[in-house]
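K.L.:
Below is entry.cif; it holds mmCIF, C-alpha atoms.
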```cif
data_query
#
loop_
_atom_site.label_atom_id
_atom_site.label_comp_id
_atom_site.auth_asym_id
_atom_site.auth_seq_id
_atom_site.Cartn_x
_atom_site.Cartn_y
_atom_site.Cartn_z
CA MET A 1 31.31 -19.56 34.40
CA GLU A 2 33.40 -20.36 31.41
CA LEU A 3 32.75 -18.94 27.99
CA GLY A 4 31.23 -22.01 26.39
CA GLN A 5 28.74 -22.33 29.22
CA MET A 6 27.80 -18.66 28.95
CA GLN A 7 27.21 -18.99 25.27
CA LYS A 8 25.06 -22.02 25.82
CA SER A 9 23.06 -20.12 28.44
CA LEU A 10 22.55 -17.30 25.99
CA GLN A 11 21.33 -19.68 23.33
CA ASP A 12 18.94 -21.40 25.72
CA TYR A 13 17.68 -18.11 27.07
CA THR A 14 17.04 -16.73 23.62
CA LYS A 15 15.23 -19.89 22.59
CA SER A 16 12.96 -19.66 25.59
CA LEU A 17 11.78 -16.23 24.53
CA PHE A 18 10.57 -17.69 21.26
CA VAL A 19 9.08 -20.77 22.81
CA GLU A 20 7.08 -18.60 25.19
CA GLY A 21 5.94 -16.41 22.31
CA ILE A 22 7.44 -13.30 23.86
CA LEU A 23 9.39 -12.76 20.67
CA ASP A 24 8.46 -13.74 17.15
CA SER A 25 10.43 -14.19 13.95
CA GLN A 26 10.56 -10.46 13.28
CA PHE A 27 13.09 -10.20 16.10
CA LEU A 28 15.39 -12.39 14.03
CA GLN A 29 15.37 -9.77 11.29
CA LEU A 30 17.25 -7.38 13.54
CA PRO A 31 20.65 -9.14 13.74
CA GLN A 32 20.62 -9.23 9.95
CA LEU A 33 20.71 -5.46 10.01
CA GLN A 34 23.75 -5.35 12.24
CA ASP A 35 27.22 -5.10 10.78
CA GLU A 36 30.60 -3.60 11.53
CA SER A 37 29.43 -0.07 10.88
CA ASN A 38 26.37 -0.60 13.09
CA SER A 39 27.60 -3.11 15.59
CA ASP A 40 25.05 -2.13 18.22
CA PHE A 41 22.01 -1.92 16.05
CA VAL A 42 19.93 -4.51 17.85
CA SER A 43 20.42 -3.05 21.29
CA GLN A 44 19.97 0.46 19.92
CA VAL A 45 16.68 -0.21 18.24
CA VAL A 46 15.44 -2.13 21.25
CA SER A 47 16.40 0.77 23.55
CA LEU A 48 14.54 3.09 21.27
CA PHE A 49 11.54 0.82 21.48
CA PHE A 50 11.71 0.97 25.28
CA GLN A 51 11.90 4.75 25.31
CA ASP A 52 9.10 5.10 22.81
CA SER A 53 6.91 2.61 24.65
CA ASP A 54 7.47 4.23 28.04
CA ARG A 55 6.25 7.47 26.56
CA ILE A 56 3.23 5.92 24.87
CA LEU A 57 2.20 3.96 27.97
CA ASN A 58 2.42 7.13 30.00
CA ASP A 59 0.28 9.04 27.53
CA LEU A 60 -2.17 6.15 27.43
CA SER A 61 -2.52 6.11 31.19
CA LEU A 62 -3.19 9.82 31.21
CA SER A 63 -5.74 9.59 28.41
CA LEU A 64 -7.62 6.74 30.04
CA ASP A 65 -7.68 8.53 33.37
CA GLN A 66 -9.61 11.46 31.97
CA LYS A 67 -13.18 11.90 33.17
CA VAL A 68 -14.35 11.62 29.62
CA VAL A 69 -12.10 9.32 27.65
CA ASP A 70 -11.31 10.56 24.16
CA PHE A 71 -10.93 7.42 22.09
CA GLU A 72 -9.79 9.47 19.14
CA LYS A 73 -6.66 10.02 21.19
CA VAL A 74 -6.39 6.60 22.79
CA ASP A 75 -6.59 4.52 19.64
CA PRO A 76 -3.66 6.15 17.81
CA TYR A 77 -1.44 5.53 20.84
CA VAL A 78 -2.32 1.87 20.83
CA HIS A 79 -1.81 1.75 17.07
CA GLN A 80 1.65 3.24 17.52
CA LEU A 81 2.60 0.76 20.18
CA LYS A 82 1.24 -2.08 18.14
CA GLY A 83 3.36 -0.97 15.20
CA SER A 84 6.62 -0.56 17.04
CA SER A 85 6.26 -3.77 19.02
CA SER A 86 5.50 -5.59 15.79
CA SER A 87 8.58 -4.11 14.14
CA ILE A 88 10.92 -5.49 16.74
CA GLY A 89 9.13 -8.78 17.21
CA ALA A 90 7.59 -8.20 20.63
CA GLN A 91 4.74 -10.51 19.81
CA ARG A 92 2.82 -10.57 23.04
CA VAL A 93 2.85 -6.80 23.34
CA LYS A 94 1.58 -6.54 19.80
CA ASN A 95 -1.18 -9.07 20.39
CA ALA A 96 -2.26 -7.28 23.54
CA CYS A 97 -2.47 -4.09 21.51
CA VAL A 98 -4.68 -5.78 18.95
CA VAL A 99 -7.15 -6.72 21.69
CA PHE A 100 -6.88 -3.24 23.14
CA ARG A 101 -7.80 -1.66 19.84
CA SER A 102 -10.92 -3.72 19.49
CA PHE A 103 -12.13 -2.40 22.83
CA CYS A 104 -11.22 1.13 21.79
CA GLU A 105 -13.47 0.63 18.82
CA GLN A 106 -16.27 -0.38 21.15
CA LYS A 107 -15.46 2.61 23.35
CA ASN A 108 -15.46 0.30 26.34
CA VAL A 109 -13.59 2.25 29.01
CA GLU A 110 -13.44 -0.47 31.60
CA ALA A 111 -12.18 -3.06 29.18
CA CYS A 112 -9.61 -0.57 27.92
CA HIS A 113 -8.28 -0.11 31.42
CA ARG A 114 -7.84 -3.85 31.69
CA CYS A 115 -6.19 -3.94 28.29
CA LEU A 116 -3.77 -1.26 29.33
CA GLN A 117 -2.78 -3.35 32.31
CA GLN A 118 -2.32 -6.35 30.09
CA VAL A 119 -0.20 -4.40 27.62
CA LYS A 120 1.92 -3.02 30.44
CA GLN A 121 2.42 -6.49 31.83
CA GLU A 122 3.55 -7.88 28.50
CA TYR A 123 5.73 -4.88 27.90
CA TYR A 124 7.52 -5.13 31.24
CA LEU A 125 8.01 -8.81 30.62
CA VAL A 126 9.67 -8.38 27.23
CA LYS A 127 11.67 -5.46 28.54
CA ASN A 128 12.95 -7.50 31.42
CA ARG A 129 13.80 -10.47 29.23
CA LEU A 130 15.57 -8.44 26.61
CA GLU A 131 17.58 -6.57 29.21
CA THR A 132 18.67 -9.90 30.59
CA LEU A 133 19.53 -11.07 27.10
CA PHE A 134 21.74 -8.08 26.48
CA LYS A 135 23.40 -8.54 29.87
CA LEU A 136 24.27 -12.11 28.98
CA GLU A 137 25.75 -10.89 25.73
CA GLN A 138 27.78 -8.26 27.52
CA GLN A 139 29.15 -10.86 29.92
CA ILE A 140 30.25 -12.99 27.02
CA VAL A 141 31.93 -10.09 25.27
CA ALA A 142 33.57 -9.01 28.51
CA SER A 143 34.99 -12.50 28.90
CA GLY A 144 36.59 -12.24 25.52
CA GLY A 145 33.89 -14.05 23.62
CA MET A 146 32.16 -12.88 20.49
CA ILE A 147 28.51 -12.61 19.73
CA SER A 148 27.23 -13.28 16.31
CA ALA A 149 23.84 -14.25 15.07
CA MET A 150 25.10 -17.83 15.12
CA ASP A 151 25.72 -17.71 18.86
CA LEU A 152 22.14 -16.77 19.44
CA GLY A 153 21.21 -20.12 18.01
CA PHE A 154 20.05 -18.79 14.69
CA MET B 1 15.68 -15.44 -11.20
CA PRO B 2 19.15 -15.10 -9.72
CA LEU B 3 19.49 -14.77 -5.99
CA ASP B 4 19.83 -11.23 -4.86
CA GLY B 5 22.93 -11.92 -2.82
CA GLY B 6 25.08 -9.38 -4.59
CA VAL B 7 22.87 -6.38 -4.95
CA SER B 8 24.16 -4.15 -7.68
CA CYS B 9 23.70 -0.44 -7.62
CA LEU B 10 21.53 1.17 -10.21
CA ARG B 11 23.55 2.18 -13.22
CA ARG B 12 22.99 5.60 -14.70
CA SER B 13 21.77 4.14 -17.98
CA GLU B 14 19.18 2.13 -16.12
CA MET B 15 18.06 5.21 -14.25
CA ILE B 16 17.53 6.98 -17.53
CA GLY B 17 15.57 3.97 -18.67
CA ILE B 18 13.12 4.40 -15.83
CA GLY B 19 12.69 8.08 -16.39
CA ILE B 20 15.03 9.63 -13.91
CA GLY B 21 17.74 10.59 -16.32
CA GLU B 22 16.34 13.98 -17.17
CA LEU B 23 17.36 15.39 -13.81
CA GLU B 24 19.66 18.30 -14.41
CA SER B 25 21.40 18.67 -11.11
CA PRO B 26 24.35 16.44 -10.28
CA PRO B 27 23.07 13.43 -8.41
CA LEU B 28 24.02 12.86 -4.80
CA ASP B 29 25.94 9.84 -5.87
CA SER B 30 25.31 8.63 -9.38
CA ASP B 31 26.02 5.03 -8.50
CA GLN B 32 23.73 4.75 -5.53
CA VAL B 33 20.02 4.25 -5.29
CA HIS B 34 18.48 7.01 -3.23
CA VAL B 35 15.35 6.18 -1.29
CA LEU B 36 13.06 8.58 0.51
CA ALA B 37 11.45 6.80 3.44
CA VAL B 38 8.43 8.28 5.18
CA ASP B 39 7.14 7.00 8.51
CA ASP B 40 5.86 8.76 11.61
CA SER B 41 7.04 5.96 13.90
CA LEU B 42 10.60 6.44 15.12
CA VAL B 43 11.24 2.74 15.60
CA ASP B 44 9.95 1.93 12.13
CA ARG B 45 11.98 4.72 10.62
CA ILE B 46 15.16 3.37 12.14
CA VAL B 47 14.38 -0.13 10.97
CA ILE B 48 13.44 0.81 7.42
CA GLU B 49 16.50 3.01 7.15
CA ARG B 50 18.71 0.13 8.18
CA LEU B 51 16.92 -2.28 5.89
CA LEU B 52 17.56 0.05 2.99
CA ARG B 53 21.14 0.92 3.90
CA ILE B 54 22.10 -2.68 4.22
CA THR B 55 20.86 -3.23 0.69
CA SER B 56 23.22 -0.45 -0.44
CA CYS B 57 20.70 2.35 -0.73
CA LYS B 58 21.26 5.89 0.29
CA VAL B 59 18.36 6.85 2.54
CA THR B 60 16.62 10.02 3.55
CA ALA B 61 14.08 9.29 6.26
CA VAL B 62 11.39 11.79 7.21
CA ASP B 63 8.57 11.62 9.70
CA SER B 64 5.61 12.95 7.74
CA GLY B 65 4.09 13.40 4.33
CA TRP B 66 4.58 17.15 4.65
CA ARG B 67 8.26 16.76 5.27
CA ALA B 68 8.49 14.43 2.32
CA LEU B 69 6.88 17.01 0.06
CA GLU B 70 9.15 19.64 1.50
CA PHE B 71 12.16 17.49 0.75
CA LEU B 72 10.98 16.92 -2.78
CA GLY B 73 10.25 20.59 -3.28
CA LEU B 74 6.58 19.89 -3.86
CA ASP B 75 5.28 21.74 -0.86
CA ASP B 76 4.55 25.11 -2.35
CA ASP B 77 2.20 24.16 -5.12
CA LYS B 78 4.23 25.66 -7.90
CA SER B 79 5.81 23.48 -10.50
CA SER B 80 9.32 22.61 -9.53
CA VAL B 81 10.97 23.13 -12.88
CA GLU B 82 13.21 25.94 -11.85
CA PHE B 83 15.45 24.63 -9.11
CA ASP B 84 17.75 21.69 -8.57
CA ARG B 85 15.94 18.44 -8.79
CA LEU B 86 16.78 15.67 -6.46
CA LYS B 87 17.63 12.23 -7.57
CA VAL B 88 15.10 10.06 -5.79
CA ASP B 89 14.82 6.52 -7.08
CA LEU B 90 12.17 5.20 -4.78
CA ILE B 91 9.75 6.55 -2.23
CA ILE B 92 8.59 4.21 0.47
CA THR B 93 5.90 5.45 2.81
CA ASP B 94 3.77 4.28 5.67
CA TYR B 95 0.06 4.44 5.03
CA CYS B 96 -1.31 5.45 8.42
CA MET B 97 0.23 8.74 9.38
CA PRO B 98 -1.28 11.68 11.20
CA GLY B 99 -1.93 14.72 9.02
CA MET B 100 -1.22 13.37 5.59
CA THR B 101 -1.70 9.67 4.92
CA GLY B 102 0.61 7.69 2.68
CA TYR B 103 -2.18 7.55 0.15
CA GLU B 104 -2.47 11.33 0.05
CA LEU B 105 1.28 11.60 -0.32
CA LEU B 106 1.17 9.08 -3.15
CA LYS B 107 -1.44 11.17 -4.95
CA LYS B 108 0.59 14.33 -4.63
CA ILE B 109 3.68 12.61 -5.95
CA LYS B 110 1.81 11.17 -8.91
CA GLU B 111 0.32 14.58 -9.65
CA SER B 112 3.75 16.19 -9.79
CA THR B 113 5.67 16.47 -13.01
CA SER B 114 9.08 15.94 -11.44
CA PHE B 115 8.39 12.84 -9.43
CA ARG B 116 5.45 11.05 -10.96
CA GLU B 117 7.77 8.48 -12.53
CA VAL B 118 9.39 7.61 -9.23
CA PRO B 119 8.10 4.29 -7.90
CA VAL B 120 6.17 4.68 -4.67
CA VAL B 121 5.78 1.78 -2.28
CA ILE B 122 3.20 1.83 0.50
CA MET B 123 3.72 0.06 3.83
CA SER B 124 0.92 -0.79 6.19
CA SER B 125 0.36 -2.95 9.22
CA GLU B 126 -3.23 -3.37 8.17
CA ASN B 127 -4.27 -5.88 5.63
CA VAL B 128 -7.21 -4.09 4.04
CA LEU B 129 -7.88 -5.10 0.47
CA THR B 130 -9.74 -1.93 -0.49
CA ARG B 131 -6.83 0.10 0.82
CA ILE B 132 -4.33 -1.91 -1.16
CA ASP B 133 -6.40 -1.71 -4.33
CA ARG B 134 -6.83 2.01 -3.94
CA CYS B 135 -3.10 2.54 -3.60
CA LEU B 136 -2.24 0.34 -6.53
CA GLU B 137 -4.86 2.09 -8.64
CA GLU B 138 -3.41 5.44 -7.72
CA GLY B 139 -0.10 4.24 -9.09
CA ALA B 140 1.71 2.69 -6.16
CA GLU B 141 4.34 0.28 -7.34
CA ASP B 142 3.97 -2.12 -4.48
CA PHE B 143 2.35 -2.61 -1.12
CA LEU B 144 4.30 -4.08 1.78
CA LEU B 145 2.71 -5.49 4.86
CA LYS B 146 4.43 -4.48 8.06
CA PRO B 147 6.56 -5.51 9.78
CA VAL B 148 8.84 -5.09 6.81
CA LYS B 149 11.53 -7.69 6.35
CA LEU B 150 14.89 -7.74 4.67
CA ALA B 151 13.56 -10.00 1.94
CA ASP B 152 10.86 -7.42 1.11
CA VAL B 153 13.42 -4.67 0.69
CA LYS B 154 15.71 -6.88 -1.35
CA ARG B 155 12.84 -7.61 -3.66
CA LEU B 156 12.20 -3.91 -4.10
CA ARG B 157 15.80 -3.50 -5.13
CA THR B 158 15.56 -6.10 -7.84
CA TYR B 159 12.84 -4.26 -9.68
CA LEU B 160 14.55 -0.93 -9.27
CA THR B 161 17.27 -2.25 -11.52
CA ARG B 162 14.87 -3.40 -14.19
CA ASP B 163 14.04 -1.16 -17.11
CA VAL B 164 10.51 -2.42 -17.33
CA LYS B 165 8.16 -1.15 -14.68
CA VAL B 166 5.76 -3.78 -13.46
CA SER B 167 2.29 -2.39 -14.02
CA ASP B 168 -1.15 -3.89 -14.45
CA ARG B 169 -0.99 -5.62 -11.12
CA ASN B 170 -2.69 -8.94 -10.88
CA LYS B 171 -5.58 -9.24 -8.52
CA PRO B 172 -4.66 -10.89 -5.24
CA LYS B 173 -4.40 -14.61 -5.59
CA VAL B 174 -4.86 -17.18 -2.91
CA PRO B 175 -1.47 -18.79 -2.44
CA GLU B 176 -1.45 -22.56 -2.74
CA ASP B 177 1.01 -22.90 0.03
CA LEU B 178 0.89 -20.26 2.73
CA SER B 179 3.98 -21.67 4.33
CA ARG B 180 6.10 -20.34 1.46
CA PHE B 181 6.23 -17.01 3.19
CA SER B 182 7.86 -17.98 6.41
CA SER B 183 9.89 -14.87 6.93
CA LEU B 184 12.64 -16.65 8.79
CA ALA B 185 13.38 -18.92 5.93
CA MET B 186 13.47 -16.13 3.37
CA VAL B 187 17.07 -15.41 4.03
CA THR B 188 19.58 -14.86 1.30
CA PRO B 189 23.32 -15.05 1.62
CA PRO B 190 24.82 -11.89 3.10
CA PRO B 191 25.59 -9.15 0.60
CA PRO B 192 29.23 -8.23 0.13
CA PRO B 193 30.67 -6.32 1.99
CA PRO B 194 30.84 -6.41 5.00
CA PRO B 195 31.64 -10.03 5.67
CA SER B 196 30.57 -9.90 9.30
CA ILE B 197 26.88 -10.06 8.50
CA THR B 198 25.76 -13.56 9.24
CA SER B 199 22.74 -14.97 7.62
CA VAL B 200 20.08 -16.79 9.50
CA LYS B 201 20.76 -20.46 9.03
CA SER B 202 18.48 -23.37 9.62
CA SER B 203 18.48 -24.51 13.16
CA SER B 204 16.19 -25.74 15.84
CA LEU B 205 15.30 -22.16 16.63
CA GLU B 206 13.77 -21.84 13.20
CA GLU B 207 11.72 -24.91 13.91
CA ILE B 208 10.38 -23.35 17.03
CA VAL B 209 9.46 -20.10 15.40
CA SER B 210 8.04 -21.49 12.24
CA SER B 211 7.39 -25.02 11.25
CA SER B 212 7.11 -24.24 7.55
CA PRO B 213 9.68 -25.33 4.98
CA PRO B 214 11.82 -22.61 3.47
CA PRO B 215 10.51 -21.27 0.17
CA SER B 216 12.74 -21.03 -2.86
CA GLU B 217 13.29 -17.35 -3.30
CA SER B 218 13.54 -17.58 -7.04
CA SER B 219 9.92 -18.55 -7.27
CA ILE B 220 8.65 -15.41 -5.63
CA SER B 221 7.87 -12.67 -8.11
CA PRO B 222 7.30 -9.01 -7.30
CA VAL B 223 3.81 -9.19 -8.68
CA ASP B 224 2.74 -12.02 -6.44
CA SER B 225 4.53 -11.34 -3.23
CA PRO B 226 3.05 -8.27 -1.62
CA ILE B 227 -0.50 -9.35 -2.09
CA ARG B 228 0.28 -12.89 -1.06
CA ARG B 229 2.10 -11.76 2.01
CA MET B 230 -0.96 -10.16 3.41
CA GLU B 231 -3.06 -13.19 2.73
CA MET B 232 -0.77 -15.48 4.59
CA ARG B 233 -1.03 -13.57 7.80
CA SER B 234 -1.92 -15.88 10.59
CA PRO B 235 -4.68 -15.13 13.05
CA GLY B 236 -3.54 -13.06 15.93
CA LEU B 237 -2.42 -10.29 13.64
CA ASP B 238 -5.12 -7.98 12.48
#
```
Please re-express this file's structure in structure tokens.

P.N.:
Amino acid sequence: MELGQMQKSLQDYTKSLFVEGILDSQFLQLPQLQDESNSDFVSQVVSLFFQDSDRILNDLSLSLDQKVVDFEKVDPYVHQLKGSSSSIGAQRVKNACVVFRSFCEQKNVEACHRCLQQVKQEYYLVKNRLETLFKLEQQIVASGGMISAMDLGF
Amino acid sequence: MPLDGGVSCLRRSEMIGIGIGELESPPLDSDQVHVLAVDDSLVDRIVIERLLRITSCKVTAVDSGWRALEFLGLDDDKSSVEFDRLKVDLIITDYCMPGMTGYELLKKIKESTSFREVPVVIMSSENVLTRIDRCLEEGAEDFLLKPVKLADVKRLRTYLTRDVKVSDRNKPKVPEDLSRFSSLAMVTPPPPPPPSITSVKSSSLEEIVSSSPPPSESSISPVDSPIRRMEMRSPGLD
């Protein structure tokens, strides 16, 4: 595939993430924080988000699997995940966390289990999409092209 | 109000004007604004650090109120007159943190002799009016709703260079046009250097993300913005 086509694919792919609500405008803040001295900022912060989220989801699963669920523990995890997903623009993850928290407040264990599944689903979705996005970028760079915020259709 | 495209560093005389000039020890870098950022979330810490660095601030980021006090030398309850004082021009802290909340940190800072003049900004993902009022009453300079954007940080920088501190905050007003605060559209030209930063330009992607017209940045004042920002939050965010 030639460079122009790849760049078009990248643009279209990125757009789709916004159209589907997987990402929101906060994600567009991130390229603005990237410059020559921090040329990998976006992928770095997103990787950090993945690592952080994997940890939180693991802790959440463990907490919800306890015989007696301690919501004093569960809620802060969800709050954390809500915060970090919001900071990088992972809108659907964030929204799922909002719902999750309301059930934590009600101390509804069954609903919380369902919420956790929902959050995981949204998380794996955005993770998958962003990994694909970065792969597309890498292909472009490897083919001698350049990525700038403009190429992402911004 | 001029666009904040070329953010200037705080001049020493201006620092003296806002009460920092009496620091005895040599500053880290007399021409740079030094910000202490406090947030327990790693992702948020990275983002806020970047937001501040890209607006030419020197940043120290810590993960708790205790560490912040430690950094400031306020952790041992004795007055910090004797040793080297740090030059800290702004403290920006998350509200919800385990152990010590941002509010508690704010109180401790305002109770200290060395740092009570330093502006403290609170960040929170939760739009709770009583919380905001409480922080402002305790002396917080500003309240930012998370997720924090580049435009928010740029605005903080503009009042750091002013001699006059904005006090007597207005009560929250209902904005006439909520669409003014489309974050996407609040983009200013890239600061010099480095020239490789591209600004977000109008495009169809913007239309998808937000259908609101871009606000004129000059019409947003520090007094109005933080309170307005929280009021414009669309449903779906809590």

K.L.:
Could you check the closest approach to chain B for each of A:Val69, A:Val119, A:Leu136, A:Ala96 and tell me which residue wins, using all atoms listed in the file?

P.N.:
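Checking each of A:Val69, A:Val119, A:Leu136, A:Ala96 against chain B, counting all atoms listed in the file, the winner is A:Ala96.
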
K.L.:
Kindly list the centre and edge lengths in Å, rounded to one decimal, for the axis-aligned box that covers all listed atoms of region 18-36 of chain A plus 6 Å on each of its six sides, as lines of an AutoDock Vina configuration file.

P.N.:
```
center_x = 18.3
center_y = -12.2
center_z = 17.6
size_x = 36.7
size_y = 29.2
size_z = 27.2
```

K.L.:
Within 8 Å of chain B, which residues of chain A show up when using all atoms listed in the file, listed as a VMD selection string?

P.N.:
chain A and resid 15 18 to 19 24 to 26 28 to 29 32 to 36 45 48 to 49 52 80 83 to 84 86 to 87 95 98 148 to 150 153 to 154

K.L.:
Which distance in Å separates CA of Val109 (chain A) and CA of Val93 (chain A), to one decimal?

P.N.:
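One can read the CA of Val109 (chain A) to CA of Val93 (chain A) distance as 19.6 Å.
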
K.L.:
Can you tell me how far CA of Gln118 (chain A) sits from CA of Val46 (chain A), in Å to one decimal?

P.N.:
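Value for the CA of Gln118 (chain A)-CA of Val46 (chain A) distance: 20.3 Å.
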
K.L.:
Record the distance separating CA of Glu122 (chain A) and CA of Asp70 (chain A), expressed in Å with one decimal.

P.N.:
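Distance between the two atoms: 24.1 Å.
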
K.L.:
List the neighbours of Val118 (chain B) out to 10 Å using all atoms listed in the file; skip same-chain residues closer than 3 positions along the sequence, and give me the result as a list in words.

P.N.:
Ile18, Gly19, Ile20, Lys87, Val88, Asp89, Leu90, Ile91, Ile109, Lys110, Ser114, Phe115, Val121, Ala140, Glu141 and Leu160 of chain B

K.L.:
Could you write out that same residue set with C-alpha atoms as a CSV table (one decimal), keeping the file's coordinate frame?

P.N.:
```csv
chain,number,residue,atom,x,y,z
B,18,ILE,CA,13.1,4.4,-15.8
B,19,GLY,CA,12.7,8.1,-16.4
B,20,ILE,CA,15.0,9.6,-13.9
B,87,LYS,CA,17.6,12.2,-7.6
B,88,VAL,CA,15.1,10.1,-5.8
B,89,ASP,CA,14.8,6.5,-7.1
B,90,LEU,CA,12.2,5.2,-4.8
B,91,ILE,CA,9.8,6.6,-2.2
B,109,ILE,CA,3.7,12.6,-6.0
B,110,LYS,CA,1.8,11.2,-8.9
B,114,SER,CA,9.1,15.9,-11.4
B,115,PHE,CA,8.4,12.8,-9.4
B,121,VAL,CA,5.8,1.8,-2.3
B,140,ALA,CA,1.7,2.7,-6.2
B,141,GLU,CA,4.3,0.3,-7.3
B,160,LEU,CA,14.6,-0.9,-9.3
```

K.L.:
Which residue, A:Leu130, A:Met1, A:Cys112, A:Met146, has the smallest gap to Leu23 (chain A) when you use all atoms listed in the file?

P.N.:
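Nearest candidate to Leu23 (chain A) out of A:Leu130, A:Met1, A:Cys112, A:Met146: A:Leu130.
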